[in-house]
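Q: One file: start.cif (mmCIF, N, CA and C atoms).
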```cif
data_my_file
loop_
_atom_site.label_atom_id
_atom_site.label_comp_id
_atom_site.auth_asym_id
_atom_site.auth_seq_id
_atom_site.Cartn_x
_atom_site.Cartn_y
_atom_site.Cartn_z
N MET R 1 98.90 154.49 133.07
CA MET R 1 98.29 153.61 134.05
C MET R 1 96.80 153.87 134.17
N TYR R 2 96.37 155.07 133.81
CA TYR R 2 94.95 155.40 133.88
C TYR R 2 94.14 154.49 132.95
N ALA R 3 94.64 154.27 131.75
CA ALA R 3 93.93 153.43 130.79
C ALA R 3 93.81 151.99 131.29
N VAL R 4 94.87 151.47 131.88
CA VAL R 4 94.84 150.11 132.42
C VAL R 4 93.77 150.01 133.50
N ARG R 5 93.76 150.96 134.40
CA ARG R 5 92.78 150.94 135.49
C ARG R 5 91.35 151.06 134.96
N GLU R 6 91.14 151.93 133.99
CA GLU R 6 89.79 152.10 133.42
C GLU R 6 89.30 150.83 132.72
N ILE R 7 90.15 150.22 131.93
CA ILE R 7 89.77 148.98 131.25
C ILE R 7 89.50 147.88 132.26
N LYS R 8 90.38 147.77 133.23
CA LYS R 8 90.23 146.74 134.27
C LYS R 8 88.91 146.88 135.01
N ASN R 9 88.59 148.08 135.41
CA ASN R 9 87.36 148.31 136.18
C ASN R 9 86.11 148.26 135.32
N SER R 10 86.18 148.75 134.11
CA SER R 10 85.01 148.80 133.24
C SER R 10 84.58 147.42 132.74
N TYR R 11 85.55 146.57 132.51
CA TYR R 11 85.25 145.27 131.91
C TYR R 11 85.51 144.10 132.84
N ASN R 12 85.86 144.40 134.07
CA ASN R 12 86.06 143.36 135.09
C ASN R 12 87.04 142.29 134.62
N ILE R 13 88.20 142.74 134.12
CA ILE R 13 89.23 141.80 133.69
C ILE R 13 90.47 142.01 134.56
N SER R 14 91.41 141.11 134.46
CA SER R 14 92.61 141.17 135.30
C SER R 14 93.50 142.34 134.88
N HIS R 15 94.35 142.73 135.80
CA HIS R 15 95.33 143.79 135.53
C HIS R 15 96.23 143.37 134.37
N ARG R 16 96.62 142.14 134.35
CA ARG R 16 97.49 141.62 133.28
C ARG R 16 96.83 141.75 131.91
N ASP R 17 95.55 141.36 131.81
CA ASP R 17 94.85 141.46 130.53
C ASP R 17 94.65 142.90 130.10
N ALA R 18 94.33 143.77 131.04
CA ALA R 18 94.15 145.19 130.72
C ALA R 18 95.47 145.80 130.23
N LYS R 19 96.56 145.44 130.86
CA LYS R 19 97.88 145.94 130.47
C LYS R 19 98.24 145.43 129.07
N PHE R 20 97.90 144.18 128.78
CA PHE R 20 98.14 143.61 127.45
C PHE R 20 97.42 144.42 126.38
N ILE R 21 96.16 144.74 126.64
CA ILE R 21 95.37 145.52 125.68
C ILE R 21 96.01 146.88 125.44
N VAL R 22 96.32 147.58 126.52
CA VAL R 22 96.88 148.92 126.40
C VAL R 22 98.23 148.91 125.68
N SER R 23 99.03 147.89 125.93
CA SER R 23 100.35 147.84 125.31
C SER R 23 100.30 147.58 123.81
N HIS R 24 99.16 147.11 123.29
CA HIS R 24 99.03 146.82 121.86
C HIS R 24 98.14 147.82 121.12
N LEU R 25 97.69 148.84 121.80
CA LEU R 25 96.92 149.90 121.13
C LEU R 25 97.87 150.81 120.39
N ASN R 26 97.52 151.17 119.17
CA ASN R 26 98.38 152.10 118.45
C ASN R 26 97.96 153.54 118.74
N LYS R 27 98.94 154.43 118.79
CA LYS R 27 98.69 155.83 119.11
C LYS R 27 98.02 156.56 117.95
N GLN R 28 98.37 156.16 116.74
CA GLN R 28 97.78 156.76 115.55
C GLN R 28 97.13 155.65 114.73
N TYR R 29 95.89 155.88 114.30
CA TYR R 29 95.14 154.87 113.55
C TYR R 29 95.92 154.42 112.32
N ASP R 30 95.93 153.12 112.11
CA ASP R 30 96.55 152.48 110.95
C ASP R 30 98.08 152.64 110.91
N THR R 31 98.69 152.81 112.09
CA THR R 31 100.14 152.91 112.22
C THR R 31 100.58 152.00 113.36
N CYS R 32 101.60 151.19 113.13
CA CYS R 32 102.08 150.24 114.13
C CYS R 32 102.51 150.96 115.41
N HIS R 33 102.12 150.41 116.56
CA HIS R 33 102.47 151.02 117.84
C HIS R 33 103.95 150.87 118.15
N ARG R 34 104.63 149.91 117.54
CA ARG R 34 106.04 149.68 117.84
C ARG R 34 106.97 150.37 116.84
N CYS R 35 106.79 150.11 115.55
CA CYS R 35 107.73 150.63 114.54
C CYS R 35 107.17 151.81 113.74
N GLU R 36 105.90 152.12 113.92
CA GLU R 36 105.21 153.25 113.27
C GLU R 36 105.09 153.12 111.76
N LYS R 37 105.18 151.88 111.26
CA LYS R 37 104.96 151.64 109.83
C LYS R 37 103.44 151.53 109.58
N PRO R 38 103.00 151.76 108.34
CA PRO R 38 101.57 151.66 108.03
C PRO R 38 101.05 150.24 108.22
N LEU R 39 99.78 150.13 108.65
CA LEU R 39 99.12 148.84 108.81
C LEU R 39 98.12 148.64 107.68
N ASN R 40 97.44 147.50 107.70
CA ASN R 40 96.54 147.15 106.60
C ASN R 40 95.09 147.55 106.81
N GLY R 41 94.77 148.23 107.88
CA GLY R 41 93.41 148.72 108.09
C GLY R 41 92.50 147.78 108.85
N HIS R 42 92.96 146.56 109.15
CA HIS R 42 92.15 145.63 109.92
C HIS R 42 92.13 146.03 111.40
N GLU R 43 91.08 145.64 112.08
CA GLU R 43 90.92 146.01 113.49
C GLU R 43 92.00 145.38 114.38
N TYR R 44 92.30 144.12 114.15
CA TYR R 44 93.37 143.41 114.87
C TYR R 44 94.33 142.91 113.80
N THR R 45 95.58 143.32 113.88
CA THR R 45 96.50 142.99 112.80
C THR R 45 97.92 142.82 113.30
N ILE R 46 98.70 142.08 112.54
CA ILE R 46 100.12 141.90 112.80
C ILE R 46 100.88 142.79 111.81
N CYS R 47 101.78 143.58 112.33
CA CYS R 47 102.60 144.45 111.48
C CYS R 47 103.54 143.59 110.64
N VAL R 48 103.57 143.82 109.33
CA VAL R 48 104.44 143.04 108.45
C VAL R 48 105.90 143.44 108.62
N ALA R 49 106.17 144.62 109.14
CA ALA R 49 107.55 145.08 109.30
C ALA R 49 108.21 144.52 110.56
N CYS R 50 107.46 144.47 111.68
CA CYS R 50 108.09 144.06 112.95
C CYS R 50 107.38 142.90 113.65
N ASN R 51 106.31 142.37 113.04
CA ASN R 51 105.54 141.25 113.59
C ASN R 51 104.84 141.55 114.92
N SER R 52 104.57 142.79 115.20
CA SER R 52 103.92 143.18 116.44
C SER R 52 102.39 143.15 116.27
N LEU R 53 101.71 142.64 117.31
CA LEU R 53 100.26 142.67 117.32
C LEU R 53 99.79 144.10 117.57
N ASN R 54 98.79 144.53 116.80
CA ASN R 54 98.23 145.87 116.95
C ASN R 54 96.73 145.79 117.07
N PHE R 55 96.17 146.52 118.04
CA PHE R 55 94.74 146.75 118.12
C PHE R 55 94.51 148.07 117.40
N ASN R 56 94.09 147.99 116.17
CA ASN R 56 93.98 149.15 115.30
C ASN R 56 92.58 149.74 115.40
N TRP R 57 92.32 150.41 116.51
CA TRP R 57 91.00 150.97 116.78
C TRP R 57 90.99 152.45 116.44
N ASN R 58 90.01 152.89 115.72
CA ASN R 58 89.87 154.30 115.35
C ASN R 58 88.96 154.98 116.37
N VAL R 59 89.54 155.44 117.45
CA VAL R 59 88.76 156.09 118.52
C VAL R 59 89.15 157.53 118.69
#
```
Show me this structure written as structure tokens.
A:
Amino acid sequence: MYAVREIKNSYNISHRDAKFIVSHLNKQYDTCHRCEKPLNGHEYTICVACNSLNFNWNV
């Protein structure tokens, strides 16, 4: 919940939008947040294995 609050406050967006962003961030770079299969290296990508949207940010 900390990440949602930080994004919401930092960028002045709705709670819903901040939650959407956080739910699609992957925990490990270039790995799907849902099925953990490898991604294609693009910043915003759809996993070919499970069709999940991923924000593939290397932070």
Q: I want to know what sits within 9 Å of Asn40 (chain R), based on only C-alpha atoms, with residues of the same chain fewer than 4 positions away left out; could you give that as a list of chain:residue names?
A: R:Asp30, R:Thr31, R:Thr45, R:Ile46, R:Cys47
Q: Can you tell me, as a PyMOL selection string, what residues are no more than 9 Å from region 53-55 of chain R when counting only C-alpha atoms, ignoring any on the same chain fewer than 3 positions away?
A: chain R and resi 21-26+31-34+39+42-47
Q: Residues of region 2-48 of chain R in alpha helix (DSSP H) according to DSSP, as a PyMOL selection string?
A: chain R and resi 2-11+15-23
Q: Just the number, please: distance in Å from atom C of Ala3 (chain R) to atom C of Ala18 (chain R), one decimal.
A: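 Atom C of Ala18 (chain R) lies 6.5 Å from atom C of Ala3 (chain R).
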Q: Work out how far atom C of Trp57 (chain R) is from atom C of Ile7 (chain R), in Å to one decimal.
A: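 These two atoms are separated by 16.5 Å.
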Q: DSSP on the backbone: which residues in chain R end up as strand (DSSP E or B)? Give the answer as a count of residues only.
A: 9
Q: Separation of CA of Asn56 (chain R) and atom C of Glu36 (chain R), in Å?
A: 12.3 Å
Q: With all atoms listed in the file as the atoms that count, which of R:Phe20, R:Tyr29, R:Gly41, R:Cys35 lies nearest to Val59 (chain R)?
A: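 Using all atoms listed in the file, Val59 (chain R) sits closest to R:Tyr29.
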